[in-house]
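Data from query17.cif: mmCIF, C-alpha atoms
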```cif
data_start
#
loop_
_atom_site.group_PDB
_atom_site.id
_atom_site.type_symbol
_atom_site.label_atom_id
_atom_site.label_comp_id
_atom_site.auth_asym_id
_atom_site.auth_seq_id
_atom_site.Cartn_x
_atom_site.Cartn_y
_atom_site.Cartn_z
ATOM 1 C CA MET Z 1 -101.460 47.599 -19.276
ATOM 2 C CA MET Z 2 -102.710 45.514 -22.203
ATOM 3 C CA ASN Z 3 -99.523 46.293 -24.099
ATOM 4 C CA LEU Z 4 -97.424 45.203 -21.149
ATOM 5 C CA LEU Z 5 -99.348 41.905 -20.931
ATOM 6 C CA LYS Z 6 -98.930 41.348 -24.665
ATOM 7 C CA VAL Z 7 -95.178 41.582 -24.230
ATOM 8 C CA LYS Z 8 -95.005 39.621 -20.983
ATOM 9 C CA ILE Z 9 -97.151 36.607 -21.929
ATOM 10 C CA PRO Z 10 -94.970 35.384 -24.802
ATOM 11 C CA PHE Z 11 -91.893 35.794 -22.610
ATOM 12 C CA LEU Z 12 -93.517 33.892 -19.785
ATOM 13 C CA ILE Z 13 -94.418 31.113 -22.214
ATOM 14 C CA LEU Z 14 -90.866 31.082 -23.544
ATOM 15 C CA ILE Z 15 -89.324 30.893 -20.075
ATOM 16 C CA SER Z 16 -91.747 28.193 -18.905
ATOM 17 C CA SER Z 17 -91.179 26.120 -22.006
ATOM 18 C CA ALA Z 18 -87.415 26.454 -21.634
ATOM 19 C CA LEU Z 19 -87.644 25.376 -18.006
ATOM 20 C CA LEU Z 20 -90.038 22.544 -18.713
ATOM 21 C CA PHE Z 21 -88.667 21.138 -21.929
ATOM 22 C CA SER Z 22 -85.060 22.245 -22.186
ATOM 23 C CA CYS Z 23 -83.632 18.831 -21.302
ATOM 24 C CA ALA Z 24 -84.698 15.314 -21.970
ATOM 25 C CA VAL Z 25 -85.900 13.166 -19.073
ATOM 26 C CA GLN Z 26 -83.228 10.679 -17.972
ATOM 27 C CA LEU Z 27 -84.203 7.884 -15.607
ATOM 28 C CA ALA Z 28 -81.516 5.294 -16.368
ATOM 29 C CA PRO Z 29 -77.733 5.579 -16.910
ATOM 30 C CA ALA Z 30 -76.269 6.523 -20.263
ATOM 31 C CA TYR Z 31 -75.189 3.869 -22.745
ATOM 32 C CA ASP Z 32 -71.432 3.307 -22.589
ATOM 33 C CA VAL Z 33 -69.970 1.583 -25.619
ATOM 34 C CA LYS Z 34 -66.779 0.660 -23.707
ATOM 35 C CA ILE Z 35 -68.796 -1.222 -21.078
ATOM 36 C CA TYR Z 36 -70.907 -2.928 -23.753
ATOM 37 C CA ASP Z 37 -67.841 -3.959 -25.771
ATOM 38 C CA GLY Z 38 -66.149 -5.174 -22.569
ATOM 39 C CA ILE Z 39 -69.128 -7.438 -21.809
ATOM 40 C CA ILE Z 40 -69.144 -8.832 -25.368
ATOM 41 C CA ALA Z 41 -65.372 -9.510 -25.124
ATOM 42 C CA LEU Z 42 -65.886 -11.233 -21.750
ATOM 43 C CA ASN Z 43 -68.630 -13.385 -23.279
ATOM 44 C CA ASN Z 44 -66.307 -14.471 -26.117
ATOM 45 C CA GLU Z 45 -63.469 -15.214 -23.710
ATOM 46 C CA ALA Z 46 -65.701 -17.282 -21.409
ATOM 47 C CA GLN Z 47 -67.364 -19.205 -24.264
ATOM 48 C CA VAL Z 48 -63.924 -20.235 -25.609
ATOM 49 C CA PHE Z 49 -62.970 -21.422 -22.123
ATOM 50 C CA PHE Z 50 -66.232 -23.379 -21.676
ATOM 51 C CA ALA Z 51 -65.840 -25.003 -25.123
ATOM 52 C CA SER Z 52 -62.370 -26.241 -24.182
ATOM 53 C CA ALA Z 53 -63.610 -27.550 -20.809
ATOM 54 C CA GLU Z 54 -66.880 -29.214 -21.825
ATOM 55 C CA ASN Z 55 -65.529 -32.727 -21.066
ATOM 56 C CA GLY Z 56 -64.551 -31.694 -17.566
ATOM 57 C CA LEU Z 57 -61.194 -30.608 -16.137
ATOM 58 C CA LYS Z 58 -58.548 -32.727 -14.397
ATOM 59 C CA LYS Z 59 -56.870 -31.431 -11.262
ATOM 60 C CA ASN Z 60 -53.451 -31.882 -12.920
ATOM 61 C CA GLU Z 61 -54.517 -29.435 -15.686
ATOM 62 C CA TYR Z 62 -55.016 -26.624 -13.173
ATOM 63 C CA GLU Z 63 -51.669 -24.886 -13.690
ATOM 64 C CA GLU Z 64 -52.264 -24.837 -17.434
ATOM 65 C CA VAL Z 65 -55.770 -23.349 -17.027
ATOM 66 C CA GLU Z 66 -54.966 -20.936 -14.164
ATOM 67 C CA PRO Z 67 -53.932 -18.023 -16.449
ATOM 68 C CA THR Z 68 -57.314 -18.254 -18.245
ATOM 69 C CA TYR Z 69 -59.177 -18.113 -14.897
ATOM 70 C CA ASN Z 70 -57.085 -15.087 -13.927
ATOM 71 C CA GLU Z 71 -57.748 -13.322 -17.242
ATOM 72 C CA ILE Z 72 -61.510 -13.844 -16.958
ATOM 73 C CA ILE Z 73 -61.612 -12.861 -13.261
ATOM 74 C CA GLY Z 74 -59.459 -9.792 -14.029
ATOM 75 C CA SER Z 75 -61.764 -8.744 -16.903
ATOM 76 C CA LEU Z 76 -64.793 -9.101 -14.614
ATOM 77 C CA GLN Z 77 -63.249 -7.035 -11.814
ATOM 78 C CA SER Z 78 -62.229 -4.357 -14.294
ATOM 79 C CA LEU Z 79 -65.758 -4.179 -15.757
ATOM 80 C CA ILE Z 80 -67.302 -3.931 -12.272
ATOM 81 C CA ILE Z 81 -65.005 -0.980 -11.471
ATOM 82 C CA GLN Z 82 -66.044 0.690 -14.766
ATOM 83 C CA LEU Z 83 -69.709 0.186 -13.877
ATOM 84 C CA ASP Z 84 -69.249 1.634 -10.390
ATOM 85 C CA ALA Z 85 -67.699 4.734 -11.960
ATOM 86 C CA ARG Z 86 -70.583 5.275 -14.394
ATOM 87 C CA PRO Z 87 -72.762 8.186 -13.271
ATOM 88 C CA VAL Z 88 -76.350 7.372 -12.365
ATOM 89 C CA PRO Z 89 -78.840 10.132 -13.213
ATOM 90 C CA GLU Z 90 -80.562 11.936 -10.367
ATOM 91 C CA SER Z 91 -84.202 12.292 -11.181
ATOM 92 C CA LYS Z 92 -87.018 13.808 -9.150
ATOM 93 C CA MET Z 93 -89.406 11.757 -11.244
ATOM 94 C CA LEU Z 94 -87.551 8.559 -10.309
ATOM 95 C CA ASP Z 95 -87.650 9.646 -6.646
ATOM 96 C CA LYS Z 96 -91.436 9.978 -6.930
ATOM 97 C CA ILE Z 97 -91.745 6.548 -8.596
ATOM 98 C CA ASN Z 98 -89.615 5.088 -5.781
ATOM 99 C CA GLU Z 99 -91.728 6.791 -3.098
ATOM 100 C CA LYS Z 100 -94.826 5.188 -4.610
ATOM 101 C CA LEU Z 101 -93.123 1.776 -4.828
ATOM 102 C CA LYS Z 102 -92.034 2.027 -1.181
ATOM 103 C CA LYS Z 103 -95.590 2.906 -0.107
ATOM 104 C CA GLU Z 104 -96.803 -0.200 -1.955
ATOM 105 C CA GLY Z 105 -94.152 -2.278 -0.210
ATOM 106 C CA LYS Z 106 -92.248 -2.923 -3.461
ATOM 107 C CA ALA Z 107 -88.487 -2.708 -4.030
ATOM 108 C CA PRO Z 108 -87.403 0.689 -5.391
ATOM 109 C CA PHE Z 109 -85.219 1.227 -8.470
ATOM 110 C CA ASP Z 110 -81.852 1.777 -6.842
ATOM 111 C CA LEU Z 111 -79.678 1.951 -9.909
ATOM 112 C CA SER Z 112 -76.614 3.120 -8.003
ATOM 113 C CA GLU Z 113 -76.356 -0.102 -6.038
ATOM 114 C CA ASN Z 114 -78.551 -2.477 -7.909
ATOM 115 C CA LEU Z 115 -77.571 -1.892 -11.463
ATOM 116 C CA PRO Z 116 -78.710 -5.076 -13.248
ATOM 117 C CA THR Z 117 -75.427 -5.328 -15.153
ATOM 118 C CA ARG Z 118 -73.293 -5.017 -12.028
ATOM 119 C CA ASN Z 119 -75.229 -7.766 -10.275
ATOM 120 C CA ALA Z 120 -75.015 -10.047 -13.306
ATOM 121 C CA LEU Z 121 -71.228 -9.577 -13.469
ATOM 122 C CA GLN Z 122 -70.915 -10.150 -9.711
ATOM 123 C CA ILE Z 123 -72.772 -13.482 -10.084
ATOM 124 C CA ILE Z 124 -70.390 -14.492 -12.908
ATOM 125 C CA LEU Z 125 -67.365 -13.402 -10.858
ATOM 126 C CA GLU Z 126 -68.471 -15.573 -7.919
ATOM 127 C CA ARG Z 127 -68.968 -18.503 -10.340
ATOM 128 C CA PHE Z 128 -65.438 -18.234 -11.783
ATOM 129 C CA VAL Z 129 -63.826 -17.804 -8.358
ATOM 130 C CA ASN Z 130 -65.737 -20.892 -7.162
ATOM 131 C CA LEU Z 131 -64.684 -22.886 -10.259
ATOM 132 C CA LYS Z 132 -61.052 -21.832 -9.894
ATOM 133 C CA THR Z 133 -60.972 -22.700 -6.155
ATOM 134 C CA ASN Z 134 -62.534 -26.116 -6.747
ATOM 135 C CA HIS Z 135 -60.282 -26.888 -9.728
ATOM 136 C CA ALA Z 136 -57.180 -26.136 -7.649
ATOM 137 C CA THR Z 137 -58.119 -28.981 -5.290
ATOM 138 C CA ARG Z 138 -60.031 -31.559 -7.398
ATOM 139 C CA ASP Z 139 -61.335 -32.664 -10.803
ATOM 140 C CA ILE Z 140 -64.270 -30.740 -12.263
ATOM 141 C CA LYS Z 141 -66.919 -33.009 -13.778
ATOM 142 C CA PRO Z 142 -68.617 -32.279 -17.135
ATOM 143 C CA LEU Z 143 -71.964 -31.619 -15.440
ATOM 144 C CA GLU Z 144 -70.340 -28.958 -13.229
ATOM 145 C CA ILE Z 145 -69.050 -27.268 -16.375
ATOM 146 C CA SER Z 146 -72.506 -27.557 -17.902
ATOM 147 C CA THR Z 147 -74.026 -25.931 -14.790
ATOM 148 C CA ALA Z 148 -71.433 -23.142 -14.959
ATOM 149 C CA VAL Z 149 -72.226 -22.556 -18.664
ATOM 150 C CA GLN Z 150 -75.973 -22.360 -17.994
ATOM 151 C CA ALA Z 151 -75.564 -19.943 -15.063
ATOM 152 C CA PHE Z 152 -73.098 -17.834 -17.073
ATOM 153 C CA ASN Z 153 -75.446 -17.644 -20.069
ATOM 154 C CA ILE Z 154 -78.373 -16.454 -17.915
ATOM 155 C CA ALA Z 155 -76.288 -13.732 -16.245
ATOM 156 C CA ILE Z 156 -74.560 -12.518 -19.429
ATOM 157 C CA ASP Z 157 -77.959 -12.343 -21.170
ATOM 158 C CA GLN Z 158 -79.168 -10.031 -18.358
ATOM 159 C CA ALA Z 159 -76.095 -7.801 -18.749
ATOM 160 C CA ILE Z 160 -76.144 -7.668 -22.580
ATOM 161 C CA THR Z 161 -79.913 -7.112 -22.788
ATOM 162 C CA PHE Z 162 -79.857 -4.280 -20.228
ATOM 163 C CA GLU Z 163 -76.779 -2.545 -21.661
ATOM 164 C CA SER Z 164 -78.048 -2.729 -25.251
ATOM 165 C CA HIS Z 165 -81.418 -1.323 -24.095
ATOM 166 C CA LEU Z 166 -79.592 1.718 -22.720
ATOM 167 C CA GLU Z 167 -78.688 2.686 -26.300
ATOM 168 C CA ARG Z 168 -81.766 4.824 -26.959
ATOM 169 C CA MET R 1 -108.024 35.451 -33.830
ATOM 170 C CA SER R 2 -110.743 32.788 -33.492
ATOM 171 C CA GLY R 3 -109.361 31.132 -36.646
ATOM 172 C CA LYS R 4 -105.909 31.044 -35.072
ATOM 173 C CA ILE R 5 -107.279 29.479 -31.884
ATOM 174 C CA ASP R 6 -109.197 26.840 -33.864
ATOM 175 C CA GLU R 7 -106.025 26.102 -35.801
ATOM 176 C CA LEU R 8 -104.052 25.837 -32.567
ATOM 177 C CA LEU R 9 -106.628 23.528 -30.992
ATOM 178 C CA GLN R 10 -106.518 21.318 -34.082
ATOM 179 C CA GLU R 11 -102.690 21.291 -33.846
ATOM 180 C CA MET R 12 -102.935 20.235 -30.213
ATOM 181 C CA LEU R 13 -105.393 17.467 -31.072
ATOM 182 C CA ASN R 14 -103.085 16.226 -33.827
ATOM 183 C CA ALA R 15 -100.136 16.419 -31.444
ATOM 184 C CA GLY R 16 -102.045 14.342 -28.891
ATOM 185 C CA ASN R 17 -102.619 11.640 -31.500
ATOM 186 C CA GLU R 18 -99.004 11.902 -32.617
ATOM 187 C CA ALA R 19 -97.767 11.505 -29.015
ATOM 188 C CA LEU R 20 -100.030 8.501 -28.511
ATOM 189 C CA ALA R 21 -98.795 6.891 -31.739
ATOM 190 C CA ALA R 22 -95.148 7.505 -30.737
ATOM 191 C CA ALA R 23 -95.761 6.007 -27.280
ATOM 192 C CA THR R 24 -97.578 2.985 -28.767
ATOM 193 C CA ASN R 25 -94.756 2.341 -31.260
ATOM 194 C CA ILE R 26 -92.113 2.431 -28.505
ATOM 195 C CA ALA R 27 -94.239 0.283 -26.172
ATOM 196 C CA ASN R 28 -94.931 -2.338 -28.878
ATOM 197 C CA SER R 29 -91.321 -2.559 -29.989
ATOM 198 C CA ASP R 30 -89.954 -2.753 -26.425
ATOM 199 C CA LEU R 31 -92.661 -5.172 -25.313
ATOM 200 C CA THR R 32 -91.525 -7.670 -27.975
ATOM 201 C CA LYS R 33 -87.966 -7.357 -26.692
ATOM 202 C CA LEU R 34 -88.976 -7.656 -23.023
ATOM 203 C CA SER R 35 -91.232 -10.618 -23.695
ATOM 204 C CA GLY R 36 -88.455 -12.474 -25.603
ATOM 205 C CA PHE R 37 -85.999 -11.770 -22.779
ATOM 206 C CA SER R 38 -88.447 -12.981 -20.095
ATOM 207 C CA LYS R 39 -89.215 -16.207 -21.976
ATOM 208 C CA ARG R 40 -85.491 -16.986 -22.451
ATOM 209 C CA GLN R 41 -84.669 -16.234 -18.829
ATOM 210 C CA LEU R 42 -87.512 -18.269 -17.325
ATOM 211 C CA GLU R 43 -86.723 -21.273 -19.553
ATOM 212 C CA ASN R 44 -82.987 -21.081 -18.832
ATOM 213 C CA ILE R 45 -83.465 -20.676 -15.054
ATOM 214 C CA ALA R 46 -85.796 -23.713 -15.093
ATOM 215 C CA THR R 47 -83.196 -25.739 -17.050
ATOM 216 C CA LEU R 48 -80.414 -24.686 -14.655
ATOM 217 C CA THR R 49 -82.525 -25.672 -11.645
ATOM 218 C CA ALA R 50 -83.207 -29.099 -13.197
ATOM 219 C CA THR R 51 -79.490 -29.583 -14.025
ATOM 220 C CA VAL R 52 -78.437 -28.709 -10.472
ATOM 221 C CA ALA R 53 -81.085 -31.026 -8.985
ATOM 222 C CA ALA R 54 -79.984 -33.899 -11.267
ATOM 223 C CA GLY R 55 -76.282 -33.244 -10.543
ATOM 224 C CA LEU R 56 -76.806 -33.213 -6.788
ATOM 225 C CA ALA R 57 -78.914 -36.388 -6.970
ATOM 226 C CA SER R 58 -76.329 -38.266 -9.091
ATOM 227 C CA GLY R 59 -73.367 -36.967 -7.089
ATOM 228 C CA GLU R 60 -71.784 -35.289 -10.143
ATOM 229 C CA ILE R 61 -72.177 -32.043 -8.247
ATOM 230 C CA PRO R 62 -70.596 -32.577 -4.787
ATOM 231 C CA PRO R 63 -72.834 -31.966 -1.743
ATOM 232 C CA ASP R 64 -70.582 -29.110 -0.553
ATOM 233 C CA GLN R 65 -71.553 -27.219 -3.732
ATOM 234 C CA LYS R 66 -75.272 -27.357 -2.964
ATOM 235 C CA GLU R 67 -75.399 -24.085 -1.032
ATOM 236 C CA PHE R 68 -73.399 -22.241 -3.710
ATOM 237 C CA GLU R 69 -75.593 -23.543 -6.550
ATOM 238 C CA LEU R 70 -78.840 -22.675 -4.769
ATOM 239 C CA LYS R 71 -77.522 -19.198 -3.934
ATOM 240 C CA GLN R 72 -76.647 -18.629 -7.608
ATOM 241 C CA ILE R 73 -80.127 -19.700 -8.764
ATOM 242 C CA LYS R 74 -81.673 -17.294 -6.223
ATOM 243 C CA GLN R 75 -79.382 -14.418 -7.282
ATOM 244 C CA LEU R 76 -80.024 -15.072 -10.989
ATOM 245 C CA THR R 77 -83.790 -15.116 -10.436
ATOM 246 C CA GLU R 78 -83.705 -11.884 -8.396
ATOM 247 C CA ASN R 79 -81.527 -10.178 -10.972
ATOM 248 C CA PHE R 80 -83.851 -11.296 -13.772
ATOM 249 C CA VAL R 81 -86.676 -9.381 -12.041
ATOM 250 C CA ARG R 82 -84.380 -6.393 -11.434
ATOM 251 C CA THR R 83 -83.250 -6.391 -15.076
ATOM 252 C CA LEU R 84 -86.859 -6.509 -16.248
ATOM 253 C CA ALA R 85 -87.670 -3.511 -14.005
ATOM 254 C CA GLY R 86 -84.607 -1.658 -15.367
ATOM 255 C CA LEU R 87 -85.684 -2.363 -18.954
ATOM 256 C CA ALA R 88 -89.195 -1.080 -18.183
ATOM 257 C CA LEU R 89 -87.689 2.085 -16.683
ATOM 258 C CA VAL R 90 -85.776 2.786 -19.909
ATOM 259 C CA THR R 91 -88.977 2.239 -21.901
ATOM 260 C CA ILE R 92 -90.869 4.689 -19.653
ATOM 261 C CA GLU R 93 -88.056 7.202 -20.212
ATOM 262 C CA LYS R 94 -88.263 6.757 -24.016
ATOM 263 C CA ILE R 95 -92.057 7.270 -23.986
ATOM 264 C CA LEU R 96 -91.779 10.380 -21.778
ATOM 265 C CA ASN R 97 -89.173 11.919 -24.060
ATOM 266 C CA ALA R 98 -91.187 11.152 -27.189
ATOM 267 C CA MET R 99 -94.151 12.934 -25.586
ATOM 268 C CA VAL R 100 -92.008 15.878 -24.477
ATOM 269 C CA ASP R 101 -90.754 16.217 -28.093
ATOM 270 C CA VAL R 102 -94.328 16.400 -29.378
ATOM 271 C CA ALA R 103 -95.338 18.849 -26.606
ATOM 272 C CA ARG R 104 -92.325 21.001 -27.449
ATOM 273 C CA GLY R 105 -93.456 21.132 -31.100
ATOM 274 C CA VAL R 106 -96.960 22.282 -30.093
ATOM 275 C CA LEU R 107 -95.541 24.856 -27.708
ATOM 276 C CA ASP R 108 -93.295 26.274 -30.433
ATOM 277 C CA LYS R 109 -96.332 26.631 -32.694
ATOM 278 C CA ALA R 110 -98.402 28.181 -29.887
ATOM 279 C CA ILE R 111 -95.643 30.695 -29.177
ATOM 280 C CA GLY R 112 -95.492 31.463 -32.886
ATOM 281 C CA ALA R 113 -99.258 32.021 -32.980
ATOM 282 C CA VAL R 114 -99.210 34.336 -29.942
ATOM 283 C CA LEU R 115 -96.217 36.298 -31.211
#
```

Conversion result in structure tokens:
Amino acid sequence: MMNLLKVKIPFLILISSALLFSCAVQLAPAYDVKIYDGIIALNNEAQVFFASAENGLKKNEYEEVEPTYNEIIGSLQSLIIQLDARPVPESKMLDKINEKLKKEGKAPFDLSENLPTRNALQIILERFVNLKTNHATRDIKPLEISTAVQAFNIAIDQAITFESHLER
Amino acid sequence: MSGKIDELLQEMLNAGNEALAAATNIANSDLTKLSGFSKRQLENIATLTATVAAGLASGEIPPDQKEFELKQIKQLTENFVRTLAGLALVTIEKILNAMVDVARGVLDKAIGAVL
């Protein structure tokens, strides 16, 4: 009996340890260099556009600027599709954290729908669509461009900070 | 056998300290990052709000843009909080994994001692 226990205990420990510690805990999505690089490229593209428009935009310049709006809007839509396709880890631990948050009346971490990066890009997309629509019908004043730059910088900071933090 | 158990207990104590040090290092490093991000965001959201208010008052931002601008400020503020929560989640994950690594090391030694 003692001999049997001597053999079984180490095996039990081995199996338990394999079950418990065989994989790393993953609560947030994996870092994706293509998404990160896409966001950096979008930032560069938008900053060049804002620099050229800092004195405001005339309605009669719209046709000249339209391709730039389309490129930026296209890049944003493409990045959002990439983000939607990125797998979100399923975690029992995260489910437990969310249960506790719900009990306390707090918003749960719903990374599949509320990915910080996706929301930030959606805010930027709405800004560029709004700018494009307004520019097609009227002049855009320098302060409107300044407002767009400030809103863009806040949102892109959220996206870059979150995505770079995923590289762990 | 008692010597082995003492040795194992000492290993576990050391591992506990090691896990705590690893967790503290991650927390300190990430806290600096999170605090810098929060400061930037809060300052920039305040500046944006002031710019929008000034633009609407002077007429440089047309009245029909008011709703859009206010909605953007609200969305940006909400997403700042969500981003902060997401960053904290990644930090929790890093701390958990650092602790699991240390626990795995102790377990390997314990298995070695038993075998």

Would you translate the PyMOL selection byres ((chain Z) within 8 of (chain R)) into the concrete set of residues it matches in this file, as a ChimeraX atom specification? /Z:10,13-14,17,21,24-28,109,114,116-117,119-120,123,141,143-144,147,150-151,154-155,158,161-162,165-166,168

Within 7 Å of region 60-66 of chain Z, counting all atoms listed in the file, which residues qualify if same-chain residues fewer than 4 places away don't, as a VMD selection string? chain Z and resid 70 135 to 136

Atomic separation - CA of Gln82 (chain Z) relative to CA of Ile97 (chain Z), Å: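 Interatomic distance, CA of Ile97 (chain Z) to CA of Gln82 (chain Z): 27.1 Å.
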
For the PyMOL selection byres ((chain Z and resi 140) around 8), applied here, can you spell out every residue it catches as a CSV table (one decimal) with C-alpha atoms, in the frame of the given file?
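Okay, selection05.csv is ready:
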```csv
chain,number,residue,atom,x,y,z
Z,56,GLY,CA,-64.6,-31.7,-17.6
Z,57,LEU,CA,-61.2,-30.6,-16.1
Z,58,LYS,CA,-58.5,-32.7,-14.4
Z,59,LYS,CA,-56.9,-31.4,-11.3
Z,134,ASN,CA,-62.5,-26.1,-6.7
Z,135,HIS,CA,-60.3,-26.9,-9.7
Z,138,ARG,CA,-60.0,-31.6,-7.4
Z,139,ASP,CA,-61.3,-32.7,-10.8
Z,141,LYS,CA,-66.9,-33.0,-13.8
Z,142,PRO,CA,-68.6,-32.3,-17.1
Z,144,GLU,CA,-70.3,-29.0,-13.2
Z,145,ILE,CA,-69.0,-27.3,-16.4
```

Distance of CA of Ile5 (chain R) from CA of Val106 (chain R), expressed in Å to one decimal place: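 According to the coordinates, CA of Val106 (chain R) and CA of Ile5 (chain R) are separated by 12.7 Å.
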
Residues picked by the PyMOL selection byres ((chain Z and resi 43) around 12) here, as a list of chain:residue names?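 Selected by the PyMOL selection byres ((chain Z and resi 43) around 12) here: Z:Tyr36, Z:Asp37, Z:Gly38, Z:Ile39, Z:Ile40, Z:Ala41, Z:Leu42, Z:Asn44, Z:Glu45, Z:Ala46, Z:Gln47, Z:Val48, Z:Phe49, Z:Phe50, Z:Ile72, Z:Ser75, Z:Leu76, Z:Leu121, Z:Ile124, Z:Val149, Z:Phe152, Z:Asn153, Z:Ile154, Z:Ala155, Z:Ile156, Z:Asp157, Z:Ala159, Z:Ile160.
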
Report the distance between CA of Tyr31 (chain Z) and CA of Lys106 (chain Z) in Å, rounded to one decimal place.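 Pair CA of Tyr31 (chain Z) / CA of Lys106 (chain Z) returns 26.6 Å.
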
Which residue is closest to Lys34 (chain Z)? Choose from Z:Ile73, Z:Leu79, Z:Ser52, Z:Gln122 and count only C-alpha atoms.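 Ranking Z:Ile73, Z:Leu79, Z:Ser52, Z:Gln122 by distance to Lys34 (chain Z), first place goes to Z:Leu79.
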
Would you list the residues near (-95.0, 6.4, -25.0) (no more than 6 Å away, in the coordinates of the file, using only C-alpha atoms) as a PDB file with C-alpha atoms, in the frame of the given file?
```pdb
ATOM      1  CA  ALA R  22     -95.148   7.505 -30.737  1.00  0.00           C
ATOM      2  CA  ALA R  23     -95.761   6.007 -27.280  1.00  0.00           C
ATOM      3  CA  THR R  24     -97.578   2.985 -28.767  1.00  0.00           C
ATOM      4  CA  ILE R  95     -92.057   7.270 -23.986  1.00  0.00           C
TER       5      ILE R  95
END
```

For the structure just given, write the atoms of region 50-67 of chain R, namely C-alpha atoms, as a PDB file, in the first residue's frame.
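Heads up, here's the output in selection12.pdb:
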```pdb
ATOM      1  CA  ALA R  50     -12.593  74.413 -23.598  1.00  0.00           C
ATOM      2  CA  THR R  51     -11.884  74.683 -27.361  1.00  0.00           C
ATOM      3  CA  VAL R  52     -15.376  73.456 -28.253  1.00  0.00           C
ATOM      4  CA  ALA R  53     -16.989  75.840 -25.741  1.00  0.00           C
ATOM      5  CA  ALA R  54     -14.968  78.793 -27.108  1.00  0.00           C
ATOM      6  CA  GLY R  55     -15.713  77.810 -30.732  1.00  0.00           C
ATOM      7  CA  LEU R  56     -19.442  77.523 -30.108  1.00  0.00           C
ATOM      8  CA  ALA R  57     -19.472  80.851 -28.241  1.00  0.00           C
ATOM      9  CA  SER R  58     -17.563  82.692 -31.011  1.00  0.00           C
ATOM     10  CA  GLY R  59     -19.515  81.023 -33.817  1.00  0.00           C
ATOM     11  CA  GLU R  60     -16.369  79.478 -35.355  1.00  0.00           C
ATOM     12  CA  ILE R  61     -17.989  76.130 -34.677  1.00  0.00           C
ATOM     13  CA  PRO R  62     -21.513  76.272 -36.201  1.00  0.00           C
ATOM     14  CA  PRO R  63     -24.452  75.591 -33.844  1.00  0.00           C
ATOM     15  CA  ASP R  64     -25.454  72.492 -35.851  1.00  0.00           C
ATOM     16  CA  GLN R  65     -22.114  70.933 -34.830  1.00  0.00           C
ATOM     17  CA  LYS R  66     -22.815  71.287 -31.112  1.00  0.00           C
ATOM     18  CA  GLU R  67     -24.474  67.892 -30.698  1.00  0.00           C
TER      19      GLU R  67
END
```
